[in-house]
Every structure is written in structure tokens, then in C-alpha cells.
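> The following file, coords_14.pdb, comprises PDB, C-alpha atoms and all ligand atoms:
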ATOM      1  CA  MET B   1      86.328 113.534  97.979
ATOM      2  CA  ASN B   2      89.481 114.018  95.908
ATOM      3  CA  ILE B   3      92.582 115.456  97.524
ATOM      4  CA  ILE B   4      96.164 116.178  96.552
ATOM      5  CA  LEU B   5      98.962 115.771  99.095
ATOM      6  CA  LEU B   6     101.969 117.922  98.301
ATOM      7  CA  GLY B   7     105.325 118.281 100.011
ATOM      8  CA  PRO B   8     109.017 117.650  99.405
ATOM      9  CA  PRO B   9     110.476 114.125  99.617
ATOM     10  CA  GLY B  10     110.283 112.911 103.214
ATOM     11  CA  ALA B  11     107.429 115.263 104.171
ATOM     12  CA  GLY B  12     105.233 112.277 105.067
ATOM     13  CA  LYS B  13     102.924 112.108 102.047
ATOM     14  CA  GLY B  14     103.066 108.314 101.755
ATOM     15  CA  THR B  15     102.698 107.659 105.481
ATOM     16  CA  GLN B  16      99.779 110.061 105.832
ATOM     17  CA  SER B  17      98.104 108.706 102.681
ATOM     18  CA  GLN B  18      98.185 105.194 104.173
ATOM     19  CA  ARG B  19      96.532 106.517 107.352
ATOM     20  CA  LEU B  20      93.870 108.449 105.409
ATOM     21  CA  VAL B  21      93.066 105.283 103.467
ATOM     22  CA  GLU B  22      92.389 103.547 106.813
ATOM     23  CA  HIS B  23      90.369 106.406 108.328
ATOM     24  CA  HIS B  24      88.337 107.534 105.345
ATOM     25  CA  GLY B  25      88.118 104.520 103.032
ATOM     26  CA  MET B  26      89.813 106.473 100.294
ATOM     27  CA  ARG B  27      92.261 105.117  97.731
ATOM     28  CA  GLN B  28      95.932 106.196  97.563
ATOM     29  CA  LEU B  29      97.181 106.942  94.072
ATOM     30  CA  SER B  30     100.958 107.240  94.347
ATOM     31  CA  THR B  31     102.739 107.709  91.035
ATOM     32  CA  GLY B  32     106.007 106.853  92.823
ATOM     33  CA  ASP B  33     104.582 103.472  93.942
ATOM     34  CA  MET B  34     103.157 102.819  90.459
ATOM     35  CA  LEU B  35     106.514 103.583  88.854
ATOM     36  CA  ARG B  36     108.423 101.403  91.345
ATOM     37  CA  ALA B  37     106.013  98.553  90.564
ATOM     38  CA  ALA B  38     106.621  99.102  86.823
ATOM     39  CA  VAL B  39     110.406  99.051  87.352
ATOM     40  CA  LYS B  40     110.150  95.838  89.377
ATOM     41  CA  ALA B  41     107.955  94.181  86.748
ATOM     42  CA  GLY B  42     110.267  95.341  83.922
ATOM     43  CA  THR B  43     107.410  96.845  81.875
ATOM     44  CA  PRO B  44     108.242  99.306  79.036
ATOM     45  CA  ILE B  45     107.319 102.221  81.369
ATOM     46  CA  GLY B  46     109.521 100.760  84.092
ATOM     47  CA  LEU B  47     112.461 100.391  81.732
ATOM     48  CA  LYS B  48     112.119 104.048  80.701
ATOM     49  CA  ALA B  49     111.676 105.346  84.243
ATOM     50  CA  LYS B  50     114.366 103.399  86.112
ATOM     51  CA  ALA B  51     117.445 105.535  85.412
ATOM     52  CA  VAL B  52     115.505 108.809  85.742
ATOM     53  CA  MET B  53     114.231 107.769  89.178
ATOM     54  CA  GLU B  54     117.683 106.652  90.292
ATOM     55  CA  ARG B  55     118.981 110.149  89.485
ATOM     56  CA  GLY B  56     116.104 111.743  91.426
ATOM     57  CA  GLU B  57     114.761 113.546  88.358
ATOM     58  CA  LEU B  58     111.153 113.645  87.194
ATOM     59  CA  VAL B  59     109.690 111.061  84.838
ATOM     60  CA  SER B  60     107.802 112.436  81.815
ATOM     61  CA  ASP B  61     104.467 114.151  82.408
ATOM     62  CA  ALA B  62     102.725 111.944  79.833
ATOM     63  CA  ILE B  63     103.768 108.697  81.548
ATOM     64  CA  VAL B  64     102.615 109.644  85.052
ATOM     65  CA  SER B  65      99.361 111.197  83.809
ATOM     66  CA  GLU B  66      98.559 108.005  81.886
ATOM     67  CA  LEU B  67      99.177 105.936  85.020
ATOM     68  CA  ILE B  68      96.783 108.134  87.024
ATOM     69  CA  ASP B  69      94.129 108.031  84.314
ATOM     70  CA  ALA B  70      94.310 104.222  84.178
ATOM     71  CA  GLU B  71      93.987 103.903  87.983
ATOM     72  CA  LEU B  72      90.951 106.194  88.083
ATOM     73  CA  THR B  73      89.358 104.215  85.272
ATOM     74  CA  ALA B  74      89.888 100.988  87.234
ATOM     75  CA  MET B  75      88.398 102.242  90.507
ATOM     76  CA  GLY B  76      84.769 102.887  91.418
ATOM     77  CA  SER B  77      83.538 106.445  90.930
ATOM     78  CA  ASP B  78      82.234 106.521  94.527
ATOM     79  CA  VAL B  79      85.701 105.957  96.053
ATOM     80  CA  GLY B  80      87.652 109.076  97.047
ATOM     81  CA  ALA B  81      91.179 109.567  95.692
ATOM     82  CA  ILE B  82      94.316 110.757  97.468
ATOM     83  CA  PHE B  83      96.829 111.912  94.897
ATOM     84  CA  ASP B  84     100.225 111.283  96.513
ATOM     85  CA  GLY B  85     103.165 112.738  94.620
ATOM     86  CA  TYR B  86     101.065 113.850  91.656
ATOM     87  CA  PRO B  87     100.798 116.438  90.134
ATOM     88  CA  ARG B  88     104.395 117.666  90.331
ATOM     89  CA  THR B  89     104.559 120.083  87.345
ATOM     90  CA  ALA B  90     102.340 122.685  85.664
ATOM     91  CA  ALA B  91     101.711 120.271  82.761
ATOM     92  CA  GLN B  92     100.537 117.595  85.236
ATOM     93  CA  VAL B  93      98.145 120.106  86.853
ATOM     94  CA  GLU B  94      96.567 120.673  83.445
ATOM     95  CA  ALA B  95      96.454 116.951  82.708
ATOM     96  CA  LEU B  96      94.849 116.207  86.082
ATOM     97  CA  ASP B  97      92.156 118.859  85.549
ATOM     98  CA  GLU B  98      91.297 117.241  82.232
ATOM     99  CA  ILE B  99      91.375 113.697  83.672
ATOM    100  CA  LEU B 100      89.191 114.608  86.679
ATOM    101  CA  ALA B 101      86.644 116.352  84.451
ATOM    102  CA  ARG B 102      86.479 113.262  82.240
ATOM    103  CA  HIS B 103      85.903 111.041  85.281
ATOM    104  CA  GLY B 104      83.265 113.410  86.706
ATOM    105  CA  ARG B 105      85.358 114.213  89.782
ATOM    106  CA  ASP B 106      86.006 117.545  91.546
ATOM    107  CA  LEU B 107      89.099 118.527  93.464
ATOM    108  CA  ASP B 108      88.290 119.244  97.127
ATOM    109  CA  HIS B 109      91.620 120.012  98.780
ATOM    110  CA  VAL B 110      95.259 120.566  97.923
ATOM    111  CA  ILE B 111      97.170 120.013 101.149
ATOM    112  CA  GLU B 112     100.785 121.049 101.515
ATOM    113  CA  LEU B 113     102.793 119.348 104.240
ATOM    114  CA  GLU B 114     105.202 122.032 105.407
ATOM    115  CA  VAL B 115     108.562 120.791 106.616
ATOM    116  CA  ASP B 116     111.957 122.038 107.615
ATOM    117  CA  GLU B 117     114.322 120.935 104.856
ATOM    118  CA  ASP B 118     117.184 120.168 107.242
ATOM    119  CA  ALA B 119     115.089 117.425 108.846
ATOM    120  CA  LEU B 120     114.237 115.760 105.564
ATOM    121  CA  VAL B 121     117.529 114.015 104.914
ATOM    122  CA  GLU B 122     117.407 112.474 108.409
ATOM    123  CA  ARG B 123     113.814 111.383 107.890
ATOM    124  CA  ILE B 124     114.516 109.884 104.499
ATOM    125  CA  SER B 125     117.712 108.068 105.413
ATOM    126  CA  GLY B 126     115.873 106.160 108.181
ATOM    127  CA  ARG B 127     112.794 105.074 106.308
ATOM    128  CA  TYR B 128     111.863 101.617 105.082
ATOM    129  CA  SER B 129     108.726  99.686 104.230
ATOM    130  CA  CYS B 130     107.261  96.211 104.473
ATOM    131  CA  ALA B 131     108.311  94.149 101.434
ATOM    132  CA  ASN B 132     104.944  92.399 101.469
ATOM    133  CA  CYS B 133     102.244  95.063 102.062
ATOM    134  CA  GLY B 134     104.174  98.338 101.663
ATOM    135  CA  ALA B 135     103.435  99.722 105.159
ATOM    136  CA  ASN B 136     105.873 102.524 105.970
ATOM    137  CA  TYR B 137     108.288 102.527 108.921
ATOM    138  CA  HIS B 138     111.238 104.563 110.192
ATOM    139  CA  ASP B 139     114.307 103.574 112.235
ATOM    140  CA  VAL B 140     113.609 106.353 114.778
ATOM    141  CA  PHE B 141     110.152 107.871 114.297
ATOM    142  CA  ASN B 142     107.906 104.971 113.379
ATOM    143  CA  GLN B 143     109.092 101.507 114.417
ATOM    144  CA  PRO B 144     106.899  98.408 114.234
ATOM    145  CA  VAL B 145     105.497  97.345 117.619
ATOM    146  CA  ARG B 146     107.422  94.045 117.437
ATOM    147  CA  ASN B 147     110.930  94.491 116.099
ATOM    148  CA  GLY B 148     111.282  92.887 112.657
ATOM    149  CA  THR B 149     107.555  92.157 112.209
ATOM    150  CA  CYS B 150     105.175  94.279 110.133
ATOM    151  CA  ASP B 151     102.291  95.604 112.283
ATOM    152  CA  LYS B 152      99.871  95.336 109.395
ATOM    153  CA  CYS B 153     100.524  91.961 107.784
ATOM    154  CA  GLY B 154     103.020  90.167 110.051
ATOM    155  CA  ALA B 155     105.684  89.795 107.340
ATOM    156  CA  HIS B 156     109.352  89.825 108.342
ATOM    157  CA  GLU B 157     110.971  91.283 105.243
ATOM    158  CA  PHE B 158     111.502  94.985 104.730
ATOM    159  CA  LYS B 159     113.015  97.105 101.974
ATOM    160  CA  ARG B 160     114.628 100.505 101.483
ATOM    161  CA  ARG B 161     114.299 102.652  98.371
ATOM    162  CA  PRO B 162     117.405 102.924  96.171
ATOM    163  CA  ASP B 163     116.746 106.675  95.662
ATOM    164  CA  ASP B 164     116.743 107.392  99.421
ATOM    165  CA  ASN B 165     120.450 108.307  99.455
ATOM    166  CA  GLU B 166     121.727 111.783 100.254
ATOM    167  CA  GLU B 167     122.832 112.781  96.735
ATOM    168  CA  THR B 168     119.569 111.681  95.081
ATOM    169  CA  VAL B 169     117.515 113.248  97.860
ATOM    170  CA  ARG B 170     119.191 116.605  97.168
ATOM    171  CA  THR B 171     118.247 116.331  93.460
ATOM    172  CA  ARG B 172     114.674 115.375  94.394
ATOM    173  CA  MET B 173     114.445 118.446  96.639
ATOM    174  CA  ARG B 174     115.783 120.672  93.866
ATOM    175  CA  GLU B 175     113.186 119.237  91.474
ATOM    176  CA  TYR B 176     110.455 119.901  94.050
ATOM    177  CA  ARG B 177     111.531 123.527  94.523
ATOM    178  CA  ALA B 178     111.966 124.194  90.791
ATOM    179  CA  LYS B 179     108.938 122.410  89.350
ATOM    180  CA  THR B 180     106.390 121.591  92.061
ATOM    181  CA  THR B 181     106.388 124.652  94.367
ATOM    182  CA  PRO B 182     105.342 126.862  91.391
ATOM    183  CA  ILE B 183     102.057 124.943  90.979
ATOM    184  CA  LEU B 184     100.774 126.094  94.399
ATOM    185  CA  PRO B 185      99.766 129.697  93.504
ATOM    186  CA  GLY B 186      97.409 128.409  90.783
ATOM    187  CA  TYR B 187      95.635 126.116  93.254
ATOM    188  CA  GLU B 188      95.669 128.949  95.811
ATOM    189  CA  SER B 189      93.795 131.240  93.449
ATOM    190  CA  ARG B 190      91.168 128.487  93.164
ATOM    191  CA  GLY B 191      90.805 128.522  96.976
ATOM    192  CA  LEU B 192      91.921 124.901  97.338
ATOM    193  CA  VAL B 193      95.143 125.071  99.366
ATOM    194  CA  SER B 194      95.510 124.223 103.063
ATOM    195  CA  ARG B 195      98.805 123.956 104.887
ATOM    196  CA  VAL B 196      99.574 121.435 107.593
ATOM    197  CA  ASP B 197     102.654 121.411 109.834
ATOM    198  CA  GLY B 198     104.497 118.306 108.640
ATOM    199  CA  MET B 199     107.073 118.620 111.448
ATOM    200  CA  ALA B 200     104.520 117.552 114.074
ATOM    201  CA  SER B 201     104.316 113.875 115.078
ATOM    202  CA  ILE B 202     102.746 111.375 112.658
ATOM    203  CA  LYS B 203      99.616 111.204 114.862
ATOM    204  CA  GLU B 204      99.280 114.979 115.094
ATOM    205  CA  VAL B 205      99.592 115.408 111.331
ATOM    206  CA  THR B 206      96.919 112.738 110.795
ATOM    207  CA  ALA B 207      94.625 114.516 113.294
ATOM    208  CA  ALA B 208      95.097 117.810 111.424
ATOM    209  CA  LEU B 209      94.280 116.097 108.114
ATOM    210  CA  ASP B 210      91.243 114.342 109.623
ATOM    211  CA  ASP B 211      89.961 117.745 110.833
ATOM    212  CA  LEU B 212      90.333 119.143 107.347
ATOM    213  CA  LEU B 213      88.503 116.250 105.702
ATOM    214  CA  ASN B 214      85.625 115.947 108.193
TER     215      ASN B 214
HETATM  216  P1  LIG B 301     108.020 109.428  95.142
HETATM  217  O1  LIG B 301     107.771 108.033  95.595
HETATM  218  O2  LIG B 301     106.760 110.236  95.029
HETATM  219  O3  LIG B 301     109.072 110.127  95.968
HETATM  220  O4  LIG B 301     108.598 109.320  93.642
HETATM  221  C1  LIG B 301     109.812 108.640  93.376
HETATM  222  C2  LIG B 301     110.332 109.041  92.005
HETATM  223  O5  LIG B 301     109.372 108.656  91.000
HETATM  224  C3  LIG B 301     110.531 110.537  91.793
HETATM  225  O6  LIG B 301     111.800 110.980  92.258
HETATM  226  C4  LIG B 301     110.401 110.648  90.273
HETATM  227  O7  LIG B 301     111.561 110.172  89.624
HETATM  228  C5  LIG B 301     109.290 109.648  89.981
HETATM  229  N1  LIG B 301     107.934 110.281  90.066
HETATM  230  C6  LIG B 301     106.951 109.982  90.968
HETATM  231  N2  LIG B 301     105.862 110.731  90.761
HETATM  232  C7  LIG B 301     106.156 111.542  89.715
HETATM  233  C8  LIG B 301     105.451 112.570  89.030
HETATM  234  N3  LIG B 301     104.195 112.936  89.395
HETATM  235  N4  LIG B 301     106.067 113.180  87.984
HETATM  236  C9  LIG B 301     107.298 112.811  87.591
HETATM  237  N5  LIG B 301     108.035 111.890  88.208
HETATM  238  C10 LIG B 301     107.482 111.240  89.271
END
In C-alpha cells, what does this structure look like?
Ligand code: AMP

Amino acid sequence: MNIILLGPPGAGKGTQSQRLVEHHGMRQLSTGDMLRAAVKAGTPIGLKAKAVMERGELVSDAIVSELIDAELTAMGSDVGAIFDGYPRTAAQVEALDEILARHGRDLDHVIELEVDEDALVERISGRYSCANCGANYHDVFNQPVRNGTCDKCGAHEFKRRPDDNEETVRTRMREYRAKTTPILPGYESRGLVSRVDGMASIKEVTAALDDLLN
């Protein structure tokens, strides 16, 4: 099973991907996470991407497609992939088709998380993750069971993304509307698109996704 999760920043792609990994034994391929790791490690890709990401603009199609190709090469062909935050442009759709064909994989679902844009800034400004294992949390909607302790790994350090500020979020939303929304009709004509109400609770969204995948 290979699925794409689409939706504007703050729609819940990362959180839902983590839950699908647990429920379905799939692997999350987040280009955002890969790029943040590259920035942290100071690799040539990271050095190129850092300023672009801080502005909320899109990194080059070639860079993100290479990252995805490398991840697929490294993982077993029997493990399903959740593409989280990729593809985001028409050129990336083309690249992904070529990459999947080369890896002998078919695309099963393109799922759009539909959300009310006014809620996104509130969602984004409250989110943080575990500095050790990356589990996602939110000040209001998704707190750890024990305050200050990660539910998954027990670590006590958390981090917030530098691009989760209001100005950058607005640019990221503009990029989504201008470059990513236009890729949906192509997938629709291939009969691949399902829409899920991303405004429902985290549990309800997961249940809707589980229904789709089972
Ligand atoms: P995300 O974690 O998916 O919100 O991505 C964070 C940032 O990484 C984005 O604002 C872009 O700057 C960059 N990025 C992540 N995925 C892509 C992609 N598929 N294409 C271009 N840029 C990306």
C-alpha cells in the first residue's frame, strides 16, 4: 500500500502519519522531516534548504524527489509508504510517478485532509514535538498524558519548529494554494482521491483513515 497525505500546513498530516505507522506497519516518508534533519546535520542539502524553509517557500523539486528516491531504495519493497508532504508541485507528481514505477510500486490512495484555514494558525502555533523521538503534541489538542514527559519514549525535552510562526505560516499556506492544490485534479482523474474531514478530533480522523485503508 502506498498513500499520499495532502493538506495545508497544520492539517494533521504528520500526526496522522505517525498513527498510521503504528496501526498499519507502514513507513512515513516526510520530506519536511528529512529536510529538517539535513539542516540540523549541516549537509549540503541542509545548507541549501535552510533559508528557503525559514521563509516558508518550497525547496527545489529535484532535492525533495532525490530524498524520496533514496528513502524508497533503503526500505524493503514489502513495506507500505505514507508520503507526508510530498508531492507538492506538478513536477513532483511526475517525479513520483517515475520513482514509484522504478521501485515497482503502485499508488493506492491520495487523501486530502480538509480543514478550515482560520483554525490552522491556532493549530500550528500550539504544536511541538519530542526532541528525542519526534512524537507530535499540541498545547491544547494533544497533550502528553504526564505533563513534560513524552508518552512514547519518556524523554523530557521538546522542540518547536522555527517556521511555525504566523508570517511563515501564511507564506506556507499561499504556497499550498498556488502549487499543491492544482495537483489534485490530475489525481482525481485517475480515481485516487479521497477527502477526510481534518477538523474532526485526532481519533476521528484516524478512524476515517483506517476505514479507507482497510
Ligand atoms: P513540512 O514539514 O511538510 O511542513 O515542510 C516544511 C518545509 O520544508 C516546507 O515549508 C518547505 O520549505 C520544505 N518542504 C517539505 N516538503 C517539501 C516538498 N515536497 N517540496 C518542496 N519543499 C518542501
> Do a neighbour search on stretch 11-14 of chain B at 10 Å with only C-alpha atoms, toss out local chain neighbours closer than 6 positions, and write the hits as a VMD selection string.
chain B and resid 4 to 5 20 28 to 30 32 to 33 82 to 85 111 to 117 119 to 120 123 to 124 135 to 136 197 to 199 202 205
> Excluding B:Ala51 and residues on its chain fewer than 6 positions from it, collect all residues at most 12 Å away from it, counting only C-alpha atoms, and give them as a list in words.
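My list of contacting residues is Leu35, Arg36, Val39, Ile45, Glu57, Leu58, Val59, Pro162, Asp163 and Thr168 of chain B.
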> Suppose you want the space between atom CA of B:Pro185 and atom CA of B:His24; what is it in Å?
27.6 Å
> For a test of reading the model, state the distance in Å between atom N2 of ligand LIG 301 (chain B) and atom CA of B:Leu100, rounded to one decimal.
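We find that atom N2 of ligand LIG 301 (chain B) and atom CA of B:Leu100 lie 17.6 Å from each other.
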> Can you pull out the residues contacting B:Met75? Cut-off 12 Å, using only C-alpha atoms, and skip same-chain residues under 5 positions away; I want them as a PyMOL selection string.
chain B and resi 26-29+68-70+80-81+103
> Between B:Leu96, B:Val79, B:Val21, B:Cys150, which has the minimum distance to ligand LIG 301 (chain B) (counting all atoms listed in the file)?
B:Leu96
> Leaving out B:Ala90 and any residue of its chain fewer than 3 positions from it, which residues lie within 10 Å of it when counting all atoms listed in the file, given as a list in words?
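Counting all atoms listed in the file, the residues come to Asp61, Pro87, Val93, Glu94, Ala95, Leu96, Lys179, Thr180, Thr181, Pro182, Ile183, Leu184 and Gly186 of chain B.
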> Using C-alpha atoms, can you write the selected residues to a file as a compact mmCIF listing (two decimals), in the coordinates of the input?

# COMPACT_ATOMS: atom_id res chain seq x y z
CA ASP B 61 104.47 114.15 82.41
CA PRO B 87 100.80 116.44 90.13
CA VAL B 93 98.14 120.11 86.85
CA GLU B 94 96.57 120.67 83.44
CA ALA B 95 96.45 116.95 82.71
CA LEU B 96 94.85 116.21 86.08
CA LYS B 179 108.94 122.41 89.35
CA THR B 180 106.39 121.59 92.06
CA THR B 181 106.39 124.65 94.37
CA PRO B 182 105.34 126.86 91.39
CA ILE B 183 102.06 124.94 90.98
CA LEU B 184 100.77 126.09 94.40
CA GLY B 186 97.41 128.41 90.78
> Counting only C-alpha atoms, which residue out of B:Pro8, B:Glu122, B:Glu166, B:Arg177 sits closest to B:Val140?
B:Glu122
> Nearest to ligand LIG 301 (chain B): which of B:Gly42, B:Gly25, B:Gly104, B:Gly56 is it, counting all atoms listed in the file?
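Of the candidates, the smallest distance to ligand LIG 301 (chain B) is held by B:Gly56.
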> Once the PyMOL selection byres (((chain B and resi 106) around 9) and not hetatm) has been applied to the shown file, what residues remain in the selection, as a ChimeraX atom specification?
/B:1-2,97,100-101,104-105,107-108
> Using the chain letters and numbers from the file, give me the residues hit by the PyMOL selection byres (((chain B and resi 141-148) around 9) and not hetatm), as a PyMOL selection string.
chain B and resi 123+126-127+136-140+149-151+155-158+201-202
> Write a file of the selected residues as a JSON list (two decimals), in the coordinates of the input, keeping C-alpha atoms.

[["chain", "number", "residue", "atom", "x", "y", "z"],
["B", 123, "ARG", "CA", 113.81, 111.38, 107.89],
["B", 126, "GLY", "CA", 115.87, 106.16, 108.18],
["B", 127, "ARG", "CA", 112.79, 105.07, 106.31],
["B", 136, "ASN", "CA", 105.87, 102.52, 105.97],
["B", 137, "TYR", "CA", 108.29, 102.53, 108.92],
["B", 138, "HIS", "CA", 111.24, 104.56, 110.19],
["B", 139, "ASP", "CA", 114.31, 103.57, 112.24],
["B", 140, "VAL", "CA", 113.61, 106.35, 114.78],
["B", 149, "THR", "CA", 107.56, 92.16, 112.21],
["B", 150, "CYS", "CA", 105.18, 94.28, 110.13],
["B", 151, "ASP", "CA", 102.29, 95.60, 112.28],
["B", 155, "ALA", "CA", 105.68, 89.80, 107.34],
["B", 156, "HIS", "CA", 109.35, 89.82, 108.34],
["B", 157, "GLU", "CA", 110.97, 91.28, 105.24],
["B", 158, "PHE", "CA", 111.50, 94.98, 104.73],
["B", 201, "SER", "CA", 104.32, 113.88, 115.08],
["B", 202, "ILE", "CA", 102.75, 111.38, 112.66]]
> Assuming 4 Å of padding per side, give the centre and edge lengths of the axis-aligned box around every listed atom of stretch 109-118 of chain B, in Å to one decimal and as JSON.

{"center_x": 104.4, "center_y": 120.7, "center_z": 102.8, "size_x": 33.6, "size_y": 10.7, "size_z": 17.7}
> Take atom CA of B:Gln18 and atom O7 of ligand LIG 301 (chain B) and report the distance between them in Å, one decimal.
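Going from atom CA of B:Gln18 over to atom O7 of ligand LIG 301 (chain B), I get 20.4 Å.
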> Given all atoms listed in the file as the basis, pick out the residue of B:Gly46, B:His23, B:Lys203, B:Tyr187 nearest to B:His109.
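Under the stated criterion, the closest residue is B:Tyr187.
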> In terms of the shortest atom-to-atom distance over only C-alpha atoms and all ligand atoms, which of B:Leu47, B:Ala208, B:Val121, B:Met173 is closest to ligand LIG 301 (chain B)?
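Result for the nearest residue to ligand LIG 301 (chain B): B:Met173.
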> Once the PyMOL selection byres (((chain B and resi 209) around 10) and not hetatm) has been applied to the shown file, what residues remain in the selection, as a ChimeraX atom specification?
/B:16-17,19-20,111,113,194-196,203-208,210-214
